>>> print(open('protein_16.csv').read())   # CSV, C-alpha atoms and all ligand atoms
chain,number,residue,atom,x,y,z
A,1,MET,CA,-28.0,-35.9,-33.2
A,2,PRO,CA,-27.1,-33.1,-33.4
A,3,PHE,CA,-23.5,-33.5,-34.3
A,4,SER,CA,-20.4,-31.8,-35.5
A,5,PHE,CA,-17.8,-33.3,-37.8
A,6,HIS,CA,-15.3,-30.5,-37.5
A,7,SER,CA,-13.2,-29.8,-34.4
A,8,HIS,CA,-9.7,-29.0,-33.2
A,9,SER,CA,-8.0,-28.8,-29.8
A,10,ALA,CA,-5.1,-26.9,-28.3
A,11,GLN,CA,-3.4,-30.1,-27.6
A,12,PHE,CA,-2.7,-30.6,-31.3
A,13,CYS,CA,-3.3,-27.2,-32.9
A,14,LYS,CA,-1.2,-24.2,-32.0
A,15,HIS,CA,-3.9,-21.6,-32.9
A,16,ALA,CA,-6.6,-23.4,-30.8
A,17,SER,CA,-7.0,-22.7,-27.0
A,18,GLY,CA,-8.2,-24.2,-23.8
A,19,GLY,CA,-8.0,-27.8,-22.6
A,20,PRO,CA,-6.8,-31.0,-24.3
A,21,LEU,CA,-8.7,-33.1,-26.9
A,22,ALA,CA,-10.3,-35.2,-24.2
A,23,GLU,CA,-11.9,-32.0,-22.8
A,24,VAL,CA,-13.3,-31.0,-26.2
A,25,VAL,CA,-14.8,-34.5,-26.5
A,26,GLU,CA,-16.2,-34.4,-23.0
A,27,GLU,CA,-17.8,-31.0,-23.8
A,28,ALA,CA,-19.4,-32.5,-26.9
A,29,ARG,CA,-20.8,-35.4,-24.8
A,30,CYS,CA,-22.2,-32.9,-22.3
A,31,ALA,CA,-23.7,-30.8,-25.1
A,32,GLY,CA,-25.8,-33.9,-26.1
A,33,PHE,CA,-24.0,-34.7,-29.4
A,34,LEU,CA,-24.5,-38.2,-30.7
A,35,GLN,CA,-21.7,-38.0,-33.3
A,36,PHE,CA,-18.6,-35.9,-32.9
A,37,GLY,CA,-15.9,-35.8,-35.5
A,38,LEU,CA,-12.3,-35.0,-34.6
A,39,SER,CA,-10.7,-33.3,-37.7
A,40,GLU,CA,-7.4,-31.9,-36.7
A,41,HIS,CA,-5.5,-29.9,-39.4
A,42,MET,CA,-3.3,-32.1,-41.6
A,43,PRO,CA,0.4,-31.4,-41.2
A,44,ARG,CA,1.8,-28.8,-43.7
A,45,GLN,CA,4.9,-30.0,-45.4
A,46,GLN,CA,6.6,-26.8,-46.5
A,47,VAL,CA,8.4,-24.6,-44.0
A,48,ASP,CA,7.0,-21.4,-45.6
A,49,LEU,CA,3.5,-22.6,-44.6
A,50,LEU,CA,4.2,-22.6,-40.9
A,51,TYR,CA,2.0,-20.1,-39.0
A,52,GLU,CA,3.4,-17.4,-36.7
A,53,GLU,CA,2.5,-19.3,-33.5
A,54,GLU,CA,4.2,-22.4,-34.8
A,55,ILE,CA,7.4,-20.5,-35.7
A,56,ASP,CA,7.3,-18.8,-32.2
A,57,ALA,CA,7.0,-22.3,-30.7
A,58,GLY,CA,10.1,-23.3,-32.6
A,59,MET,CA,8.2,-26.0,-34.6
A,60,SER,CA,9.4,-27.6,-37.8
A,61,CYS,CA,7.4,-29.5,-40.5
A,62,ASP,CA,8.6,-32.7,-38.8
A,63,ASP,CA,7.1,-31.5,-35.6
A,64,LEU,CA,3.7,-30.9,-37.3
A,65,ALA,CA,3.8,-34.4,-38.7
A,66,LYS,CA,4.6,-35.8,-35.2
A,67,GLN,CA,1.8,-33.7,-33.7
A,68,PHE,CA,-0.7,-35.1,-36.2
A,69,SER,CA,0.5,-38.6,-35.4
A,70,ASP,CA,0.0,-38.0,-31.7
A,71,PHE,CA,-3.4,-36.5,-32.5
A,72,VAL,CA,-4.6,-39.7,-34.2
A,73,ALA,CA,-3.3,-41.9,-31.4
A,74,GLU,CA,-5.2,-39.9,-28.8
A,75,ALA,CA,-8.3,-39.6,-31.0
A,76,ARG,CA,-8.4,-43.4,-31.5
A,77,ARG,CA,-7.9,-43.9,-27.7
A,78,LEU,CA,-10.9,-41.7,-27.0
A,79,GLN,CA,-12.9,-43.3,-29.9
A,80,LYS,CA,-12.4,-46.7,-28.3
A,81,ILE,CA,-13.6,-45.6,-24.9
A,82,PHE,CA,-16.8,-44.3,-26.4
A,83,ASP,CA,-17.1,-47.4,-28.7
A,84,ASP,CA,-16.8,-49.7,-25.7
A,85,ALA,CA,-19.5,-47.7,-23.8
A,86,ARG,CA,-21.8,-47.9,-26.9
A,87,CYS,CA,-21.1,-51.6,-27.5
A,88,SER,CA,-22.0,-52.5,-24.0
A,89,HIS,CA,-25.3,-50.7,-24.4
A,90,ASN,CA,-28.1,-52.1,-26.6
A,91,ASP,CA,-29.9,-49.1,-27.8
A,92,GLY,CA,-28.3,-47.1,-30.5
A,93,ASP,CA,-29.5,-43.5,-29.9
A,94,ASP,CA,-29.1,-43.6,-26.1
A,95,GLY,CA,-25.9,-45.6,-26.0
A,96,GLY,CA,-23.7,-42.5,-26.2
A,97,MET,CA,-21.7,-40.6,-28.6
A,98,GLU,CA,-19.9,-42.0,-31.6
A,99,ILE,CA,-16.5,-40.5,-32.3
A,100,LEU,CA,-15.1,-40.2,-35.8
A,101,VAL,CA,-11.4,-39.6,-36.5
A,102,GLY,CA,-10.5,-37.6,-39.5
A,103,ALA,CA,-8.5,-34.6,-40.7
A,104,GLU,CA,-9.1,-31.2,-42.2
A,105,THR,CA,-7.2,-30.6,-45.4
A,106,GLU,CA,-4.9,-27.9,-46.6
A,107,TYR,CA,-4.5,-27.3,-50.3
A,108,VAL,CA,-1.5,-25.3,-51.6
A,109,GLY,CA,-1.2,-26.8,-55.1
A,110,PRO,CA,-1.4,-30.1,-56.9
A,111,GLN,CA,1.2,-31.7,-54.6
A,112,SER,CA,-1.3,-31.4,-51.7
A,113,ILE,CA,-3.5,-34.1,-53.3
A,114,GLY,CA,-0.9,-36.8,-52.9
A,115,GLU,CA,-0.1,-35.7,-49.4
A,116,ILE,CA,-3.8,-35.9,-48.3
A,117,LEU,CA,-4.4,-39.3,-49.9
A,118,GLN,CA,-1.2,-40.6,-48.3
A,119,LEU,CA,-2.3,-39.2,-44.9
A,120,ARG,CA,-5.7,-40.8,-45.2
A,121,HIS,CA,-4.1,-44.1,-46.2
A,122,ASP,CA,-1.4,-44.1,-43.5
A,123,TYR,CA,-3.7,-43.3,-40.7
A,124,LYS,CA,-6.8,-45.1,-42.1
A,125,LEU,CA,-8.8,-42.0,-41.3
A,126,ASP,CA,-12.5,-42.4,-41.0
A,127,TYR,CA,-13.2,-39.3,-43.1
A,128,ILE,CA,-11.9,-36.1,-44.5
A,129,VAL,CA,-13.1,-32.5,-44.2
A,130,GLY,CA,-12.0,-30.9,-47.5
A,131,SER,CA,-11.1,-27.3,-46.7
A,132,ILE,CA,-9.0,-24.6,-48.4
A,133,HIS,CA,-7.2,-22.0,-46.2
A,134,HIS,CA,-4.7,-20.7,-48.8
A,135,VAL,CA,-4.9,-19.3,-52.3
A,136,ARG,CA,-1.7,-19.7,-54.4
A,137,GLY,CA,0.0,-20.8,-51.2
A,138,LYS,CA,-0.9,-17.8,-49.1
A,139,PRO,CA,-3.3,-17.9,-46.1
A,140,ILE,CA,-6.7,-16.3,-46.7
A,141,ASP,CA,-8.4,-16.8,-43.3
A,142,PHE,CA,-5.5,-16.2,-40.8
A,143,SER,CA,-6.3,-12.6,-39.9
A,144,LYS,CA,-8.0,-9.6,-41.3
A,145,GLU,CA,-4.7,-7.8,-41.7
A,146,THR,CA,-3.0,-10.6,-43.6
A,147,PHE,CA,-6.1,-11.0,-45.8
A,148,GLU,CA,-6.1,-7.3,-46.7
A,149,GLN,CA,-2.4,-7.3,-47.4
A,150,LEU,CA,-2.8,-10.3,-49.7
A,151,LEU,CA,-5.7,-8.7,-51.5
A,152,ALA,CA,-3.9,-5.5,-52.1
A,153,ASN,CA,-0.4,-6.8,-52.9
A,154,ASP,CA,-1.2,-10.0,-54.8
A,155,TRP,CA,-4.6,-9.3,-56.3
A,156,ASN,CA,-4.7,-5.6,-56.8
A,157,ASN,CA,-7.7,-5.4,-54.6
A,158,ASP,CA,-9.7,-7.3,-57.1
A,159,HIS,CA,-12.0,-9.6,-55.0
A,160,THR,CA,-13.4,-11.4,-58.1
A,161,SER,CA,-10.0,-12.7,-59.2
A,162,LEU,CA,-9.1,-13.9,-55.7
A,163,PHE,CA,-12.5,-15.5,-55.3
A,164,SER,CA,-12.2,-17.2,-58.7
A,165,ALA,CA,-8.8,-18.6,-57.9
A,166,TYR,CA,-10.1,-19.8,-54.5
A,167,PHE,CA,-13.0,-21.8,-56.1
A,168,ASP,CA,-10.7,-23.2,-58.8
A,169,GLU,CA,-8.3,-24.5,-56.1
A,170,GLN,CA,-11.3,-25.8,-54.2
A,171,PHE,CA,-12.4,-27.7,-57.2
A,172,ALA,CA,-9.0,-29.3,-57.7
A,173,LEU,CA,-9.2,-30.4,-54.0
A,174,PHE,CA,-12.6,-31.9,-54.4
A,175,ASP,CA,-11.7,-33.6,-57.6
A,176,GLY,CA,-8.5,-35.0,-56.3
A,177,VAL,CA,-9.6,-36.1,-52.9
A,178,HIS,CA,-13.4,-36.7,-52.9
A,179,PRO,CA,-13.6,-35.6,-49.2
A,180,GLU,CA,-16.7,-36.8,-47.3
A,181,VAL,CA,-17.4,-33.2,-46.1
A,182,ALA,CA,-16.8,-29.9,-47.9
A,183,GLY,CA,-15.6,-27.6,-45.1
A,184,HIS,CA,-16.7,-23.9,-44.8
A,185,LEU,CA,-17.3,-23.6,-48.6
A,186,ASP,CA,-17.1,-19.8,-48.8
A,187,VAL,CA,-14.5,-19.1,-46.1
A,188,VAL,CA,-12.7,-16.9,-48.6
A,189,ARG,CA,-15.0,-14.0,-47.6
A,190,LYS,CA,-14.5,-14.4,-43.9
A,191,TYR,CA,-12.7,-11.0,-43.8
A,192,CYS,CA,-14.8,-9.3,-46.5
A,193,PRO,CA,-18.4,-10.2,-45.8
A,194,GLY,CA,-19.7,-7.3,-47.9
A,195,ALA,CA,-18.0,-8.4,-51.1
A,196,ALA,CA,-20.5,-9.9,-53.5
A,197,PHE,CA,-19.7,-12.9,-55.7
A,198,SER,CA,-19.8,-11.9,-59.3
A,199,ALA,CA,-21.7,-14.1,-61.9
A,200,THR,CA,-18.3,-15.6,-62.9
A,201,VAL,CA,-17.6,-16.6,-59.3
A,202,LEU,CA,-21.1,-17.9,-58.8
A,203,GLU,CA,-20.6,-20.2,-61.8
A,204,LYS,CA,-17.6,-21.7,-60.2
A,205,VAL,CA,-19.5,-22.1,-56.9
A,206,ARG,CA,-22.2,-23.9,-58.9
A,207,ARG,CA,-19.6,-26.2,-60.6
A,208,ASN,CA,-18.0,-27.1,-57.2
A,209,ILE,CA,-21.4,-27.8,-55.5
A,210,LYS,CA,-22.5,-29.9,-58.5
A,211,PHE,CA,-19.4,-31.9,-58.1
A,212,CYS,CA,-20.3,-32.5,-54.4
A,213,VAL,CA,-23.8,-33.5,-55.3
A,214,ASP,CA,-22.6,-35.9,-58.0
A,215,HIS,CA,-20.0,-37.5,-55.7
A,216,GLY,CA,-21.9,-37.7,-52.4
A,217,ILE,CA,-19.9,-35.0,-50.6
A,218,LEU,CA,-21.8,-33.3,-47.8
A,219,LEU,CA,-21.7,-29.5,-47.6
A,220,GLU,CA,-20.8,-28.4,-44.1
A,221,ILE,CA,-23.0,-25.8,-42.4
A,222,ASN,CA,-20.2,-24.3,-40.3
A,223,SER,CA,-21.3,-22.1,-37.4
A,224,SER,CA,-17.9,-20.6,-36.7
A,225,GLY,CA,-18.5,-17.9,-39.2
A,226,VAL,CA,-21.2,-16.3,-37.0
A,227,GLY,CA,-18.6,-15.5,-34.4
A,228,LYS,CA,-16.4,-13.8,-37.0
A,229,GLY,CA,-19.1,-11.3,-37.8
A,230,LEU,CA,-20.8,-13.1,-40.7
A,231,PRO,CA,-24.6,-12.9,-40.8
A,232,HIS,CA,-25.0,-16.7,-41.1
A,233,PRO,CA,-23.0,-19.9,-40.7
A,234,TYR,CA,-20.9,-20.8,-43.8
A,235,PRO,CA,-22.0,-20.9,-46.5
A,236,GLN,CA,-23.8,-17.6,-46.8
A,237,GLN,CA,-27.3,-17.4,-48.3
A,238,ASP,CA,-26.4,-16.9,-52.0
A,239,VAL,CA,-24.3,-20.1,-51.9
A,240,LEU,CA,-26.7,-22.0,-49.9
A,241,THR,CA,-29.5,-21.1,-52.3
A,242,ILE,CA,-27.5,-22.6,-55.2
A,243,ALA,CA,-26.7,-25.7,-53.1
A,244,LYS,CA,-30.4,-26.2,-52.3
A,245,GLU,CA,-31.4,-25.8,-56.0
A,246,LEU,CA,-28.8,-28.4,-57.0
A,247,GLY,CA,-30.1,-30.9,-54.5
A,248,ALA,CA,-27.1,-30.8,-52.2
A,249,ARG,CA,-27.0,-32.6,-48.9
A,250,PHE,CA,-25.6,-30.9,-45.8
A,251,THR,CA,-24.0,-31.7,-42.5
A,252,LEU,CA,-23.0,-29.6,-39.5
A,253,GLY,CA,-19.7,-28.4,-37.9
A,254,ASP,CA,-18.9,-26.1,-35.1
A,255,ASP,CA,-15.2,-25.9,-36.0
A,256,ALA,CA,-14.5,-25.8,-32.3
A,257,HIS,CA,-11.0,-24.6,-31.5
A,258,SER,CA,-11.5,-24.9,-27.7
A,259,PRO,CA,-13.9,-26.8,-25.4
A,260,VAL,CA,-16.0,-23.7,-25.0
A,261,ASP,CA,-16.6,-23.6,-28.7
A,262,VAL,CA,-18.4,-26.9,-28.8
A,263,ALA,CA,-22.0,-26.4,-30.2
A,264,GLN,CA,-21.2,-22.7,-30.7
A,265,TYR,CA,-23.9,-20.8,-32.5
A,266,TYR,CA,-26.0,-24.0,-33.0
A,267,SER,CA,-29.1,-21.8,-32.4
A,268,HIS,CA,-28.1,-20.0,-35.6
A,269,ILE,CA,-27.7,-23.3,-37.4
A,270,ARG,CA,-31.2,-24.4,-36.4
A,271,GLN,CA,-32.7,-21.1,-37.4
A,272,TYR,CA,-30.8,-21.1,-40.7
A,273,VAL,CA,-31.9,-24.6,-41.6
A,274,HIS,CA,-35.4,-23.6,-40.8
A,275,ASP,CA,-35.4,-20.4,-42.7
A,276,MET,CA,-33.7,-21.9,-45.8
A,277,ALA,CA,-36.0,-24.9,-45.7
A,278,ILE,CA,-33.3,-27.5,-46.0
A,279,GLU,CA,-34.3,-29.7,-43.1
A,280,SER,CA,-34.9,-32.8,-45.2
A,281,SER,CA,-31.3,-32.5,-46.6
A,282,ILE,CA,-29.4,-32.7,-43.3
A,283,CYS,CA,-27.3,-35.8,-42.9
A,284,SER,CA,-25.0,-37.2,-40.3
A,285,LEU,CA,-22.0,-39.5,-40.8
A,286,HIS,CA,-21.6,-42.9,-39.2
A,287,ARG,CA,-18.7,-45.3,-39.3
A,288,THR,CA,-19.6,-48.4,-41.3
A,289,SER,CA,-17.8,-50.7,-38.8
A,290,SER,CA,-19.1,-49.3,-35.6
A,291,CYS,CA,-20.7,-51.9,-33.3
A,292,HIS,CA,-24.1,-50.4,-33.5
A,293,ASN,CA,-24.1,-50.8,-37.3
A,294,GLN,CA,-22.7,-54.4,-37.6
A,295,PRO,CA,-23.1,-57.6,-35.6
A,296,ALA,CA,-19.8,-58.4,-33.9
A,297,ASP,CA,-18.5,-61.0,-36.3
A,298,ALA,CA,-19.5,-59.0,-39.3
A,299,MET,CA,-17.7,-56.0,-37.8
A,300,HIS,CA,-14.5,-57.9,-37.5
A,301,GLU,CA,-14.7,-59.0,-41.2
A,302,CYS,CA,-15.7,-55.5,-42.2
A,303,ARG,CA,-12.6,-54.1,-40.5
A,304,GLN,CA,-10.3,-56.5,-42.3
A,305,ASP,CA,-12.0,-55.9,-45.6
A,306,GLN,CA,-11.9,-52.2,-45.0
A,307,GLN,CA,-8.1,-52.3,-44.3
A,308,GLN,CA,-7.5,-54.4,-47.4
A,309,ARG,CA,-9.5,-52.1,-49.6
A,310,ALA,CA,-8.0,-49.0,-48.0
A,311,ALA,CA,-4.6,-50.3,-49.0
A,312,GLN,CA,-5.6,-50.5,-52.6
A,313,ASP,CA,-8.1,-47.7,-53.0
A,314,TYR,CA,-7.4,-44.2,-51.6
A,315,SER,CA,-11.0,-43.1,-52.1
A,316,PHE,CA,-12.5,-45.8,-49.9
A,317,SER,CA,-14.6,-44.3,-47.2
A,318,ALA,CA,-15.0,-45.8,-43.8
A,319,VAL,CA,-18.2,-43.8,-43.2
A,320,GLU,CA,-21.7,-43.5,-44.6
A,321,SER,CA,-24.0,-40.6,-44.5
A,322,ARG,CA,-27.6,-40.9,-43.3
A,323,PRO,CA,-30.5,-38.4,-43.5
A,324,VAL,CA,-31.6,-37.1,-40.1
A,325,PRO,CA,-35.4,-37.4,-39.8
A,326,ASP,CA,-37.2,-34.5,-38.3
A,327,PHE,CA,-34.0,-32.6,-37.7
A,328,LEU,CA,-35.6,-29.4,-36.5
A,329,HIS,CA,-37.7,-31.2,-33.9
A,330,HIS,CA,-35.1,-33.5,-32.4
A,331,HIS,CA,-35.1,-33.5,-28.6
A,332,PHE,CA,-31.6,-32.0,-28.6
A,333,TRP,CA,-33.1,-28.6,-29.3
A,334,SER,CA,-35.2,-28.7,-26.1
A,335,ARG,CA,-32.0,-28.8,-24.0
A,336,SER,CA,-31.8,-25.0,-23.9
A,337,PRO,CA,-34.0,-22.1,-24.5
A,338,VAL,CA,-31.2,-20.5,-26.7
A,339,TYR,CA,-32.2,-23.0,-29.4
A,340,GLU,CA,-35.7,-21.7,-29.6
A,341,LEU,CA,-36.7,-20.8,-33.2
A,342,ALA,CA,-37.7,-17.2,-33.9
A,343,VAL,CA,-40.7,-17.2,-36.1
A,401,ZN,ZN,-10.8,-24.7,-41.7
A,402,ZN,ZN,-11.2,-26.2,-38.8
>>> encode(input="protein_16.csv", output="structure tokens", more="lines below")
Ligand SMILES: [Zn+2]
Ligand SMILES: [Zn+2]
Amino acid sequence: MPFSFHSHSAQFCKHASGGPLAEVVEEARCAGFLQFGLSEHMPRQQVDLLYEEEIDAGMSCDDLAKQFSDFVAEARRLQKIFDDARCSHNDGDDGGMEILVGAETEYVGPQSIGEILQLRHDYKLDYIVGSIHHVRGKPIDFSKETFEQLLANDWNNDHTSLFSAYFDEQFALFDGVHPEVAGHLDVVRKYCPGAAFSATVLEKVRRNIKFCVDHGILLEINSSGVGKGLPHPYPQQDVLTIAKELGARFTLGDDAHSPVDVAQYYSHIRQYVHDMAIESSICSLHRTSSCHNQPADAMHECRQDQQQRAAQDYSFSAVESRPVPDFLHHHFWSRSPVYELAV
């Protein structure tokens, strides 16, 4: 504690920067994280979904698939190093950082559901961050320019219709995949922070959050929005207020795209959690088969059982969420004066 379950690296993501995945992980360890989730973007399977920088690099969809496969191999290697260190240590909290290996989703239509479930099954991913970066197959968070073109050309500058479609696609994703984490819930307003959600849109937000509450999906408080000019981490106050009312549980993500992004704007997260009075609803994720959670024999059996179940049941989760007691007063926050609360 604290922790982030959302990260990327330039080694396996063309729009990330800085050093390789191992460096991102090392930065997280130095930052004092006790759980760190590696959630590289799932490979997109349509050529028209390649981003500019991927086209410039001459990449194909097969290359994206290979890149993801390489990501999992490297992520598991790093996970094992940290597991071994923790297993040789007796005391949970001080034994070092736990690494989780997952993926962040894309959703471009119903076909995405099968792709995500297959990916989860093939790689036995620990967890999934359920995110939407497209509406009707077109990117909404790539750049301000592409967002504004999309809004004008495809939506006649009608924010409400675009927002509605976004939350409908998000619902389809949640319903089809049951991700462990709902990623940056309201990223659709990244490039239009002043646009309010209408009553119709807020109803859809409410429906989606209710689904998360009913199915144990944690809502991510994602600090990357602050660096993009938003007043708060995702989700913004109106959405977070609804989530709180509905009894949602939350987790954290820095959405690092570079080693220097690790723990970015966590002072804002602490302040936001404090100001919104959601401290008691903050949770972290833990692998159910990690050595600190199971005796050695049971761990082996658990892994076998897990693999058998994963082969039959796509919705099987290899992690569990746990509330974080006294989140706001964890010793992590005393590491730097930047984390001090403004009162
Ligand atoms: Zn994302
Ligand atoms: Zn991300």
>>> atom_distance(input="protein_16.csv", atom1="atom CA of A:His6", atom2="atom CA of A:Ala256")
7.1 Å
>>> residues_near_ligand(input="protein_16.csv", ligand="ligand ZN 402 (chain A)", cutoff="10 Å", atoms="all atoms listed in the file", output="PDB file with C-alpha atoms, keeping the file's coordinate frame")
ATOM      1  CA  PHE A   5     -17.800 -33.300 -37.800  1.00  0.00           C
ATOM      2  CA  HIS A   6     -15.300 -30.500 -37.500  1.00  0.00           C
ATOM      3  CA  SER A   7     -13.200 -29.800 -34.400  1.00  0.00           C
ATOM      4  CA  HIS A   8      -9.700 -29.000 -33.200  1.00  0.00           C
ATOM      5  CA  SER A   9      -8.000 -28.800 -29.800  1.00  0.00           C
ATOM      6  CA  CYS A  13      -3.300 -27.200 -32.900  1.00  0.00           C
ATOM      7  CA  ALA A  16      -6.600 -23.400 -30.800  1.00  0.00           C
ATOM      8  CA  LEU A  38     -12.300 -35.000 -34.600  1.00  0.00           C
ATOM      9  CA  SER A  39     -10.700 -33.300 -37.700  1.00  0.00           C
ATOM     10  CA  GLU A  40      -7.400 -31.900 -36.700  1.00  0.00           C
ATOM     11  CA  HIS A  41      -5.500 -29.900 -39.400  1.00  0.00           C
ATOM     12  CA  ALA A 103      -8.500 -34.600 -40.700  1.00  0.00           C
ATOM     13  CA  GLU A 104      -9.100 -31.200 -42.200  1.00  0.00           C
ATOM     14  CA  THR A 105      -7.200 -30.600 -45.400  1.00  0.00           C
ATOM     15  CA  VAL A 129     -13.100 -32.500 -44.200  1.00  0.00           C
ATOM     16  CA  GLY A 130     -12.000 -30.900 -47.500  1.00  0.00           C
ATOM     17  CA  SER A 131     -11.100 -27.300 -46.700  1.00  0.00           C
ATOM     18  CA  ILE A 132      -9.000 -24.600 -48.400  1.00  0.00           C
ATOM     19  CA  HIS A 133      -7.200 -22.000 -46.200  1.00  0.00           C
ATOM     20  CA  GLY A 183     -15.600 -27.600 -45.100  1.00  0.00           C
ATOM     21  CA  HIS A 184     -16.700 -23.900 -44.800  1.00  0.00           C
ATOM     22  CA  ASN A 222     -20.200 -24.300 -40.300  1.00  0.00           C
ATOM     23  CA  SER A 224     -17.900 -20.600 -36.700  1.00  0.00           C
ATOM     24  CA  GLY A 253     -19.700 -28.400 -37.900  1.00  0.00           C
ATOM     25  CA  ASP A 254     -18.900 -26.100 -35.100  1.00  0.00           C
ATOM     26  CA  ASP A 255     -15.200 -25.900 -36.000  1.00  0.00           C
ATOM     27  CA  ALA A 256     -14.500 -25.800 -32.300  1.00  0.00           C
ATOM     28  CA  HIS A 257     -11.000 -24.600 -31.500  1.00  0.00           C
TER      29      HIS A 257
END
>>> closest_residue(input="protein_16.csv", among="A:Ser4, A:Gln45, A:Ser336, A:Gln271", to="A:Val108", atoms="all atoms listed in the file")
A:Gln45
>>> atom_distance(input="protein_16.csv", atom1="atom CA of A:Arg120", atom2="atom CA of A:Asp261")
26.2 Å
>>> closest_residue(input="protein_16.csv", among="A:Val338, A:Ala75, A:Val226, A:Leu285", to="A:Phe3", atoms="all atoms listed in the file")
A:Leu285
>>> atom_distance(input="protein_16.csv", atom1="atom CA of A:Glu169", atom2="atom CA of A:Arg189")
15.1 Å
>>> closest_residue(input="protein_16.csv", among="A:Ser161, A:Ile278, A:Ala248, A:Gly225", to="A:Tyr265", atoms="only C-alpha atoms")
A:Gly225
>>> closest_residue(input="protein_16.csv", among="A:Pro325, A:Gly176, A:Pro2, A:Pro43", to="A:Met59", atoms="all atoms listed in the file")
A:Pro43
>>> closest_residue(input="protein_16.csv", among="A:Asn157, A:Gln170, A:Thr251, A:Gln118", to="A:Ile221", atoms="all atoms listed in the file")
A:Thr251
>>> residues_around(input="protein_16.csv", residues="A:Phe167", least_positions_apart="2", cutoff="9 Å", atoms="only C-alpha atoms", output="PyMOL selection string")
chain A and resi 162-165+169-172+185-186+188+201+204-205+208
>>> closest_residue(input="protein_16.csv", among="A:Ser198, A:Ser88, A:Phe33, A:Gln67", to="A:Leu252", atoms="all atoms listed in the file")
A:Phe33
>>> axis_aligned_box(input="protein_16.csv", around="stretch 65-77 of chain A", padding_each_side="5 Å", output="lines of an AutoDock Vina configuration file")
center_x = -1.9
center_y = -38.8
center_z = -33.2
size_x = 23.0
size_y = 20.2
size_z = 21.0
